[in-house]
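Note: the block below is target-v4.pdb and it holds PDB, C-alpha atoms and all ligand atoms.
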ATOM      1  CA  MET C 256       4.381 -98.346  83.881
ATOM      2  CA  ARG C 257       6.822 -97.774  81.026
ATOM      3  CA  ARG C 258       4.293 -98.916  78.327
ATOM      4  CA  GLY C 259       1.418 -96.974  79.989
ATOM      5  CA  GLY C 260       3.632 -93.890  80.307
ATOM      6  CA  ARG C 261       4.573 -94.075  76.635
ATOM      7  CA  ARG C 262       0.895 -94.201  75.520
ATOM      8  CA  TYR C 263       0.129 -91.223  77.722
ATOM      9  CA  ARG C 264       2.994 -89.246  76.182
ATOM     10  CA  GLN C 265       1.747 -90.254  72.663
ATOM     11  CA  ARG C 266      -1.779 -88.996  73.467
ATOM     12  CA  VAL C 267      -0.416 -85.727  74.832
ATOM     13  CA  LEU C 268       1.712 -85.311  71.686
ATOM     14  CA  VAL C 269      -1.264 -86.018  69.337
ATOM     15  CA  ARG C 270      -3.435 -83.527  71.219
ATOM     16  CA  TYR C 271      -0.642 -80.955  70.984
ATOM     17  CA  VAL C 272      -0.175 -81.472  67.215
ATOM     18  CA  VAL C 273      -3.968 -81.257  66.658
ATOM     19  CA  LYS C 274      -4.093 -77.965  68.625
ATOM     20  CA  VAL C 275      -1.178 -76.529  66.604
ATOM     21  CA  LEU C 276      -2.817 -77.553  63.309
ATOM     22  CA  ALA C 277      -6.166 -76.079  64.377
ATOM     23  CA  GLY C 278      -4.363 -72.869  65.340
ATOM     24  CA  LEU C 279      -2.650 -72.686  61.950
ATOM     25  CA  VAL C 280      -5.946 -73.232  60.128
ATOM     26  CA  LEU C 281      -7.534 -70.486  62.199
ATOM     27  CA  VAL C 282      -4.680 -68.102  61.455
ATOM     28  CA  GLY C 283      -4.977 -69.025  57.763
ATOM     29  CA  VAL C 284      -8.706 -68.320  57.712
ATOM     30  CA  VAL C 285      -8.241 -64.969  59.467
ATOM     31  CA  PHE C 286      -5.473 -64.069  56.975
ATOM     32  CA  LEU C 287      -7.695 -64.900  54.005
ATOM     33  CA  MET C 288     -10.560 -62.868  55.465
ATOM     34  CA  VAL C 289      -8.321 -59.828  55.947
ATOM     35  CA  CYS C 290      -7.008 -60.150  52.391
ATOM     36  CA  GLY C 291     -10.557 -60.483  51.082
ATOM     37  CA  CYS C 292     -11.636 -57.336  52.904
ATOM     38  CA  LEU C 293      -8.669 -55.335  51.588
ATOM     39  CA  TYR C 294      -9.391 -56.541  48.060
ATOM     40  CA  LEU C 295     -13.049 -55.575  48.269
ATOM     41  CA  ARG C 296     -12.161 -52.163  49.654
ATOM     42  CA  ASP C 297      -9.760 -51.461  46.721
ATOM     43  CA  LEU C 298     -12.334 -52.695  44.253
ATOM     44  CA  ALA C 299     -14.993 -50.379  45.667
ATOM     45  CA  LYS C 300     -12.567 -47.445  45.572
ATOM     46  CA  ALA C 301     -11.670 -48.135  41.936
ATOM     47  CA  ARG C 302     -15.352 -48.358  40.955
ATOM     48  CA  LYS C 303     -16.054 -45.071  42.661
ATOM     49  CA  GLU C 304     -13.249 -43.360  40.653
ATOM     50  CA  VAL C 305     -14.547 -44.761  37.390
ATOM     51  CA  GLN C 306     -18.034 -43.483  38.201
ATOM     52  CA  GLU C 307     -16.689 -40.022  39.029
ATOM     53  CA  VAL C 308     -14.794 -39.755  35.720
ATOM     54  CA  SER C 309     -17.633 -41.044  33.572
ATOM     55  CA  GLY C 310     -20.083 -38.829  35.460
ATOM     56  CA  LYS C 311     -18.066 -35.729  34.468
ATOM     57  CA  ASN C 312     -17.922 -36.880  30.866
ATOM     58  CA  VAL C 313     -21.666 -37.181  30.699
ATOM     59  CA  GLU C 314     -22.039 -33.632  31.970
ATOM     60  CA  GLY C 315     -19.469 -32.566  29.408
ATOM     61  CA  THR C 316     -17.842 -30.096  31.755
ATOM     62  CA  GLU C 317     -14.510 -31.690  32.466
ATOM     63  CA  PRO C 318     -13.350 -34.411  30.079
ATOM     64  CA  SER C 319     -10.232 -36.250  31.143
ATOM     65  CA  GLU C 320      -6.853 -34.949  30.016
ATOM     66  CA  VAL C 321      -6.272 -37.778  27.560
ATOM     67  CA  GLU C 322      -9.561 -37.157  25.847
ATOM     68  CA  THR C 323      -9.047 -33.374  25.714
ATOM     69  CA  SER C 324      -5.721 -33.680  23.922
ATOM     70  CA  SER C 325      -7.044 -36.207  21.430
ATOM     71  CA  MET C 326     -10.019 -33.958  20.722
ATOM     72  CA  GLU C 327      -7.707 -31.027  20.114
ATOM     73  CA  GLU C 328      -5.625 -33.109  17.727
ATOM     74  CA  GLN C 329      -8.728 -34.055  15.809
ATOM     75  CA  LYS C 330      -9.827 -30.437  15.720
ATOM     76  CA  GLU C 331      -6.456 -29.400  14.309
ATOM     77  CA  GLU C 332      -6.583 -32.161  11.735
ATOM     78  CA  THR C 333     -10.021 -31.139  10.489
ATOM     79  CA  GLN C 334      -8.985 -27.491  10.339
ATOM     80  CA  GLU C 335      -5.992 -28.433   8.214
ATOM     81  CA  THR C 336      -8.042 -30.467   5.798
ATOM     82  CA  GLU C 337     -11.022 -28.114   5.621
ATOM     83  CA  GLN C 338      -9.149 -24.843   5.108
ATOM     84  CA  PRO C 339      -6.217 -25.274   2.721
ATOM     85  CA  GLU C 340      -4.529 -21.902   2.839
ATOM     86  CA  TYR C 341      -3.096 -20.427  -0.356
ATOM     87  CA  LYS C 342      -0.543 -17.721   0.344
ATOM     88  CA  PHE C 343      -0.660 -14.941  -2.216
ATOM     89  CA  THR C 344       2.678 -13.297  -3.047
ATOM     90  CA  VAL C 345       3.206  -9.991  -4.820
ATOM     91  CA  VAL C 346       6.481  -8.412  -5.910
ATOM     92  CA  VAL C 347       6.248  -4.642  -5.510
ATOM     93  CA  ASP C 348       8.803  -2.959  -7.740
ATOM     94  CA  ALA C 349       9.663   0.665  -7.045
ATOM     95  CA  GLY C 350      10.963   1.839 -10.428
ATOM     96  CA  HIS C 351      14.570   3.083 -10.756
ATOM     97  CA  GLY C 352      16.781   3.976  -7.764
ATOM     98  CA  GLY C 353      20.358   4.991  -6.948
ATOM     99  CA  ASN C 354      22.150   6.548  -9.932
ATOM    100  CA  ASP C 355      19.126   5.721 -12.107
ATOM    101  CA  SER C 356      16.786   8.528 -11.104
ATOM    102  CA  GLY C 357      14.185   7.738 -13.774
ATOM    103  CA  THR C 358      12.503  10.670 -15.403
ATOM    104  CA  ASN C 359      13.023  14.057 -13.760
ATOM    105  CA  VAL C 360      12.123  17.715 -13.967
ATOM    106  CA  THR C 361      13.596  20.815 -12.413
ATOM    107  CA  ILE C 362      10.994  23.226 -11.117
ATOM    108  CA  ASN C 363      12.223  26.583  -9.770
ATOM    109  CA  GLY C 364      15.675  25.104  -9.284
ATOM    110  CA  GLU C 365      14.345  22.034  -7.450
ATOM    111  CA  LEU C 366      15.123  18.631  -8.970
ATOM    112  CA  ILE C 367      12.186  16.251  -8.849
ATOM    113  CA  GLU C 368      13.121  12.630  -9.545
ATOM    114  CA  GLU C 369      10.816   9.722 -10.398
ATOM    115  CA  LYS C 370      12.741   7.253  -8.177
ATOM    116  CA  HIS C 371      11.559   8.941  -4.941
ATOM    117  CA  ILE C 372       7.878   9.003  -5.891
ATOM    118  CA  THR C 373       7.928   5.341  -6.988
ATOM    119  CA  LEU C 374       9.477   4.236  -3.676
ATOM    120  CA  ASP C 375       6.986   6.280  -1.640
ATOM    121  CA  VAL C 376       4.006   4.671  -3.395
ATOM    122  CA  ALA C 377       5.587   1.190  -3.422
ATOM    123  CA  GLU C 378       6.000   1.293   0.368
ATOM    124  CA  LYS C 379       2.358   2.303   0.792
ATOM    125  CA  VAL C 380       1.242  -0.530  -1.509
ATOM    126  CA  ARG C 381       3.390  -2.984   0.482
ATOM    127  CA  ASP C 382       1.869  -1.914   3.801
ATOM    128  CA  LEU C 383      -1.687  -2.217   2.471
ATOM    129  CA  LEU C 384      -1.077  -5.645   0.909
ATOM    130  CA  GLU C 385       0.539  -6.937   4.095
ATOM    131  CA  GLU C 386      -2.464  -5.715   6.092
ATOM    132  CA  GLN C 387      -4.509  -8.072   3.887
ATOM    133  CA  GLY C 388      -2.239 -11.010   4.761
ATOM    134  CA  ILE C 389      -0.514 -10.997   1.376
ATOM    135  CA  ASP C 390       3.213 -11.737   1.221
ATOM    136  CA  VAL C 391       5.174  -8.894  -0.354
ATOM    137  CA  LEU C 392       8.658  -8.937  -1.851
ATOM    138  CA  MET C 393      10.202  -5.509  -2.537
ATOM    139  CA  THR C 394      12.785  -5.089  -5.291
ATOM    140  CA  ARG C 395      14.214  -2.211  -3.238
ATOM    141  CA  VAL C 396      13.399  -0.478   0.055
ATOM    142  CA  ARG C 397      15.866   2.427  -0.205
ATOM    143  CA  ASP C 398      17.401   4.710  -2.793
ATOM    144  CA  GLU C 399      19.711   2.168  -4.444
ATOM    145  CA  TYR C 400      20.382   0.835  -7.915
ATOM    146  CA  VAL C 401      18.788  -2.532  -8.721
ATOM    147  CA  SER C 402      19.198  -3.957 -12.230
ATOM    148  CA  LEU C 403      16.153  -4.889 -14.308
ATOM    149  CA  ASP C 404      17.488  -8.466 -14.348
ATOM    150  CA  GLU C 405      17.497  -8.650 -10.571
ATOM    151  CA  ARG C 406      13.953  -7.314 -10.447
ATOM    152  CA  THR C 407      12.508  -9.963 -12.792
ATOM    153  CA  GLN C 408      14.607 -12.671 -11.135
ATOM    154  CA  LEU C 409      12.952 -11.930  -7.806
ATOM    155  CA  SER C 410       9.597 -12.518  -9.479
ATOM    156  CA  ASN C 411      10.549 -15.623 -11.481
ATOM    157  CA  GLU C 412      12.495 -17.388  -8.750
ATOM    158  CA  ASN C 413       9.754 -16.969  -6.172
ATOM    159  CA  MET C 414       6.898 -18.059  -8.475
ATOM    160  CA  THR C 415       5.003 -14.966  -7.383
ATOM    161  CA  ASP C 416       1.343 -14.320  -8.192
ATOM    162  CA  LEU C 417       1.893 -10.801  -9.434
ATOM    163  CA  PHE C 418       4.734  -8.420 -10.251
ATOM    164  CA  LEU C 419       3.688  -4.796  -9.843
ATOM    165  CA  SER C 420       6.097  -2.228 -11.242
ATOM    166  CA  ILE C 421       5.505   1.388 -10.241
ATOM    167  CA  HIS C 422       6.616   4.319 -12.409
ATOM    168  CA  CYS C 423       5.943   7.921 -13.374
ATOM    169  CA  ASN C 424       5.645   9.235 -16.894
ATOM    170  CA  SER C 425       6.841  12.423 -18.588
ATOM    171  CA  TYR C 426       6.148  14.186 -21.867
ATOM    172  CA  ASP C 427       8.158  17.341 -22.449
ATOM    173  CA  ASP C 428       6.556  18.104 -25.820
ATOM    174  CA  ASP C 429       3.128  18.671 -24.300
ATOM    175  CA  THR C 430       3.001  19.367 -20.594
ATOM    176  CA  SER C 431      -0.799  19.323 -20.613
ATOM    177  CA  VAL C 432      -0.733  15.520 -21.037
ATOM    178  CA  SER C 433      -1.731  13.722 -17.841
ATOM    179  CA  GLY C 434      -3.182  10.451 -16.592
ATOM    180  CA  LEU C 435      -2.497   6.932 -15.435
ATOM    181  CA  GLU C 436      -1.962   3.882 -17.628
ATOM    182  CA  CYS C 437      -1.289   0.208 -16.969
ATOM    183  CA  TYR C 438       0.914  -1.975 -19.159
ATOM    184  CA  TYR C 439       0.996  -5.772 -19.546
ATOM    185  CA  TRP C 440       3.033  -8.063 -21.808
ATOM    186  CA  GLU C 441       1.237  -9.044 -25.018
ATOM    187  CA  ASP C 442       0.620 -12.736 -24.203
ATOM    188  CA  ASP C 443       0.217 -12.301 -20.428
ATOM    189  CA  GLN C 444      -3.521 -12.807 -19.974
ATOM    190  CA  GLU C 445      -3.358 -12.657 -16.178
ATOM    191  CA  GLY C 446      -1.254  -9.503 -16.323
ATOM    192  CA  MET C 447      -3.896  -7.982 -18.593
ATOM    193  CA  ASP C 448      -6.642  -8.946 -16.121
ATOM    194  CA  TYR C 449      -4.785  -7.232 -13.278
ATOM    195  CA  ALA C 450      -4.038  -4.179 -15.413
ATOM    196  CA  ALA C 451      -7.742  -3.868 -16.282
ATOM    197  CA  SER C 452      -8.821  -4.374 -12.666
ATOM    198  CA  ILE C 453      -6.384  -1.716 -11.392
ATOM    199  CA  GLN C 454      -7.464   0.645 -14.165
ATOM    200  CA  GLU C 455     -11.097   0.199 -13.101
ATOM    201  CA  ALA C 456     -10.233   0.919  -9.473
ATOM    202  CA  VAL C 457      -8.303   4.154 -10.147
ATOM    203  CA  LYS C 458     -11.266   5.551 -12.100
ATOM    204  CA  GLU C 459     -12.805   6.247  -8.682
ATOM    205  CA  ILE C 460     -10.126   8.868  -7.956
ATOM    206  CA  GLU C 461     -11.600  12.276  -8.655
ATOM    207  CA  GLY C 462      -9.708  14.311 -11.221
ATOM    208  CA  LEU C 463      -7.564  11.401 -12.362
ATOM    209  CA  ARG C 464      -7.529  10.652 -16.056
ATOM    210  CA  ALA C 465      -7.602   6.871 -16.494
ATOM    211  CA  ARG C 466      -5.816   6.435 -19.812
ATOM    212  CA  GLY C 467      -6.546   2.695 -20.034
ATOM    213  CA  ILE C 468      -4.530  -0.493 -20.369
ATOM    214  CA  ARG C 469      -1.779  -0.847 -22.948
ATOM    215  CA  GLU C 470       0.025  -3.764 -24.470
ATOM    216  CA  SER C 471       3.772  -4.034 -24.126
ATOM    217  CA  SER C 472       5.539  -6.008 -26.875
ATOM    218  CA  HIS C 473       8.778  -6.351 -28.841
ATOM    219  CA  LYS C 474       7.412  -3.701 -31.236
ATOM    220  CA  SER C 475       6.343  -1.011 -28.771
ATOM    221  CA  ASN C 476       6.650  -0.163 -25.082
ATOM    222  CA  ASN C 477       9.162  -2.988 -24.838
ATOM    223  CA  TYR C 478       9.534  -3.020 -21.049
ATOM    224  CA  GLU C 479      12.131  -5.525 -19.844
ATOM    225  CA  VAL C 480      10.453  -6.147 -16.462
ATOM    226  CA  LEU C 481       7.345  -7.279 -18.385
ATOM    227  CA  ARG C 482       9.135  -9.065 -21.237
ATOM    228  CA  GLU C 483      11.476 -11.107 -19.032
ATOM    229  CA  ASN C 484       8.832 -11.903 -16.445
ATOM    230  CA  ASP C 485       7.505 -15.461 -16.353
ATOM    231  CA  ARG C 486       4.856 -14.379 -13.839
ATOM    232  CA  PRO C 487       1.788 -12.166 -14.295
ATOM    233  CA  ALA C 488       3.083  -8.599 -14.419
ATOM    234  CA  VAL C 489       1.740  -5.063 -14.580
ATOM    235  CA  LEU C 490       3.636  -1.800 -15.003
ATOM    236  CA  ILE C 491       1.795   1.282 -13.809
ATOM    237  CA  GLU C 492       2.651   4.722 -15.115
ATOM    238  CA  MET C 493       0.992   6.685 -12.333
ATOM    239  CA  GLY C 494       1.018  10.077 -13.998
ATOM    240  CA  PHE C 495       3.088  12.724 -15.784
ATOM    241  CA  ILE C 496       5.581  14.704 -13.731
ATOM    242  CA  THR C 497       5.833  17.118 -16.671
ATOM    243  CA  ASN C 498       2.226  18.189 -15.964
ATOM    244  CA  ASP C 499       2.246  20.824 -13.209
ATOM    245  CA  GLU C 500      -1.025  19.792 -11.602
ATOM    246  CA  GLU C 501      -0.343  16.059 -11.719
ATOM    247  CA  ARG C 502       3.211  16.486 -10.428
ATOM    248  CA  GLU C 503       1.932  18.362  -7.387
ATOM    249  CA  LYS C 504      -0.496  15.509  -6.686
ATOM    250  CA  LEU C 505       2.138  12.801  -7.203
ATOM    251  CA  LEU C 506       4.344  14.510  -4.603
ATOM    252  CA  ASP C 507       1.453  14.674  -2.120
ATOM    253  CA  ASP C 508       1.390  11.982   0.570
ATOM    254  CA  ALA C 509      -2.432  11.746   0.721
ATOM    255  CA  TYR C 510      -2.683  11.374  -3.064
ATOM    256  CA  GLN C 511       0.033   8.689  -3.033
ATOM    257  CA  GLN C 512      -1.931   6.853  -0.338
ATOM    258  CA  MET C 513      -5.104   7.061  -2.443
ATOM    259  CA  LEU C 514      -3.271   5.648  -5.467
ATOM    260  CA  ALA C 515      -1.826   2.808  -3.368
ATOM    261  CA  GLU C 516      -5.295   1.988  -2.009
ATOM    262  CA  LYS C 517      -6.761   1.780  -5.508
ATOM    263  CA  PHE C 518      -3.914  -0.410  -6.788
ATOM    264  CA  VAL C 519      -4.476  -2.809  -3.887
ATOM    265  CA  GLN C 520      -8.232  -2.729  -4.424
ATOM    266  CA  GLY C 521      -7.691  -3.651  -8.076
ATOM    267  CA  ILE C 522      -5.503  -6.593  -7.047
ATOM    268  CA  LEU C 523      -7.858  -7.788  -4.305
ATOM    269  CA  ASN C 524     -10.837  -7.714  -6.664
ATOM    270  CA  LEU C 525      -9.168 -10.444  -8.730
ATOM    271  CA  ILE C 526      -7.704 -12.609  -5.978
ATOM    272  CA  PRO C 527     -10.661 -14.997  -5.387
ATOM    273  CA  GLU C 528     -10.732 -15.788  -9.136
ATOM    274  CA  LYS C 529      -6.986 -16.279  -9.269
ATOM    275  CA  VAL C 530      -6.881 -18.562  -6.231
ATOM    276  CA  GLU C 531      -9.578 -20.735  -7.804
ATOM    277  CA  ALA C 532      -7.705 -20.860 -11.116
ATOM    278  CA  GLN C 533      -4.497 -21.653  -9.207
ATOM    279  CA  ASP C 534      -6.146 -24.640  -7.479
ATOM    280  CA  LYS C 535      -7.313 -25.980 -10.838
ATOM    281  CA  GLN C 536      -3.871 -25.489 -12.340
ATOM    282  CA  VAL C 537      -2.174 -27.274  -9.432
ATOM    283  CA  ASN C 538      -4.449 -30.283  -9.944
ATOM    284  CA  LYS C 539      -3.779 -30.198 -13.682
ATOM    285  CA  THR C 540       0.013 -29.914 -13.449
ATOM    286  CA  GLU C 541       0.199 -32.626 -10.822
ATOM    287  CA  SER C 542      -1.166 -35.113 -13.332
ATOM    288  CA  GLU C 543       0.562 -33.689 -16.396
ATOM    289  CA  ASN C 544       4.051 -32.903 -15.071
ATOM    290  CA  SER C 545       3.998 -29.749 -17.202
ATOM    291  CA  LEU C 546       6.870 -27.947 -18.907
ATOM    292  CA  PRO C 547       7.925 -24.476 -17.741
ATOM    293  CA  GLU C 548       6.029 -21.738 -19.542
ATOM    294  CA  GLY C 549       7.749 -19.302 -21.915
ATOM    295  CA  GLU C 550      11.487 -18.946 -22.403
TER     296      GLU C 550
HETATM  297 ZN    ZN B 601      10.099   4.834 -14.809
END
Kindly present the structure from the file in structure tokens form.
Amino acid sequence: MRRGGRRYRQRVLVRYVVKVLAGLVLVGVVFLMVCGCLYLRDLAKARKEVQEVSGKNVEGTEPSEVETSSMEEQKEETQETEQPEYKFTVVVDAGHGGNDSGTNVTINGELIEEKHITLDVAEKVRDLLEEQGIDVLMTRVRDEYVSLDERTQLSNENMTDLFLSIHCNSYDDDTSVSGLECYYWEDDQEGMDYAASIQEAVKEIEGLRARGIRESSHKSNNYEVLRENDRPAVLIEMGFITNDEEREKLLDDAYQQMLAEKFVQGILNLIPEKVEAQDKQVNKTESENSLPEGE
């Protein structure tokens, strides 16, 4: 009875262990199946997203954010390399100012001073140049004294493309003398080109006598703003305030505007050539490490 009872208990125990093991296996299988299903579901979801994104790309309507920004970067890069922008800079110099009134005449008790006319035209030239996207530096913007040194310094220190000095003429000995002339320094080829181009442009003004371009040198018409300028420079004598008719015109706002427009036209006519020459010079000096020009 004791031995038989022990065998019976052993059999019951074995059966119990087998049942527990079978149960565990079953639970394990169910667990694996659930995991498998979840995995497949995630996989399908991920595939669907990929298809949606690539589908939009094919249509070309809505590229993903990452691609848009990289495309924009590329676009910017190509724009930078394809369109190198050269910024043109002109110094506009209104002659005289402050206690230096320039030339002057008194007509019927009224004092007419060159310094006011030069500033009026200079401001008009500035506005027109800026409208064309050209950088402008003014030697003065009000009625104040500025030395000739300071004027040329502004040009030399900023490596400007052109220095344009604006003046009026006078000739007391013969008040019938009238007309506009442009001066350049004797060895300033670019200055001469600009002077000639401006002179051509002003010929279109009806009634204006274009007196031509003139050389400035140590011997004659020794203008400091041209002599001490390392940059291309032109000095314009817009007309004679000693001539009654011309003085009236020079004081007229519409005539001043017309002059300013022609000066700017003369400058603009040369700019494409100058920019091209500038590019060549930059390439040349980069390899040569050139010395500063002049003294
Ligand atoms: Zn003057």
### Query
Selected by the PyMOL selection byres (((chain C and resi 416) around 10) and not hetatm) in the shown coordinates: which residues, as a PyMOL selection string?
chain C and resi 342-346+390+410-411+413-415+417-419+445-446+486-488+526+529-530+533
I'd like the contact shell of Asp428 in chain C - 12 Å cut-off, only C-alpha atoms, skipping same-chain residues fewer than 5 positions apart - returned as an mmCIF file with C-alpha atoms, in the frame of the given file.
data_model
loop_
_atom_site.group_PDB
_atom_site.id
_atom_site.type_symbol
_atom_site.label_atom_id
_atom_site.label_comp_id
_atom_site.auth_asym_id
_atom_site.auth_seq_id
_atom_site.Cartn_x
_atom_site.Cartn_y
_atom_site.Cartn_z
ATOM 1 C CA PHE C 495 3.088 12.724 -15.784
ATOM 2 C CA THR C 497 5.833 17.118 -16.671
ATOM 3 C CA ASN C 498 2.226 18.189 -15.964
#
Under the rule of at most 9 Å, produce a per-residue listing of chain C near ligand ZN 601 (chain B): chain, number, name, the closest pair of atoms, and the distance in Å, as a Markdown table, using all atoms listed in the file.
| residue | atom | partner | partner_atom | distance |
| --- | --- | --- | --- | --- |
| C:Ala349 | CA | B:ZN601 | ZN | 8.8 |
| C:Gly350 | CA | B:ZN601 | ZN | 5.4 |
| C:His351 | CA | B:ZN601 | ZN | 6.3 |
| C:Ser356 | CA | B:ZN601 | ZN | 8.5 |
| C:Gly357 | CA | B:ZN601 | ZN | 5.1 |
| C:Thr358 | CA | B:ZN601 | ZN | 6.3 |
| C:Glu369 | CA | B:ZN601 | ZN | 6.6 |
| C:Lys370 | CA | B:ZN601 | ZN | 7.5 |
| C:Thr373 | CA | B:ZN601 | ZN | 8.1 |
| C:Ser420 | CA | B:ZN601 | ZN | 8.9 |
| C:Ile421 | CA | B:ZN601 | ZN | 7.3 |
| C:His422 | CA | B:ZN601 | ZN | 4.3 |
| C:Cys423 | CA | B:ZN601 | ZN | 5.4 |
| C:Asn424 | CA | B:ZN601 | ZN | 6.6 |
| C:Glu492 | CA | B:ZN601 | ZN | 7.5 |
Using C-alpha atoms, can you export the residues from the last selection as a tab-separated table (two decimals), in the frame of the given file?
chain	number	residue	atom	x	y	z
C	349	ALA	CA	9.66	0.66	-7.04
C	350	GLY	CA	10.96	1.84	-10.43
C	351	HIS	CA	14.57	3.08	-10.76
C	356	SER	CA	16.79	8.53	-11.10
C	357	GLY	CA	14.18	7.74	-13.77
C	358	THR	CA	12.50	10.67	-15.40
C	369	GLU	CA	10.82	9.72	-10.40
C	370	LYS	CA	12.74	7.25	-8.18
C	373	THR	CA	7.93	5.34	-6.99
C	420	SER	CA	6.10	-2.23	-11.24
C	421	ILE	CA	5.50	1.39	-10.24
C	422	HIS	CA	6.62	4.32	-12.41
C	423	CYS	CA	5.94	7.92	-13.37
C	424	ASN	CA	5.64	9.24	-16.89
C	492	GLU	CA	2.65	4.72	-15.12
### Query
Skipping near chain neighbours, those fewer than 5 positions away, what residues fall within 12 Å of range 509-513 of chain C using only C-alpha atoms, listed as number ranges by chain?
C: 371-383, 421, 423, 456-463, 493-494, 501-504, 518-520
### Between CA of Leu366 in chain C and CA of Asp499 in chain C - distance in Å to one decimal
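Taking CA of Asp499 in chain C as the start and CA of Leu366 in chain C as the end point, the length is 13.7 Å.
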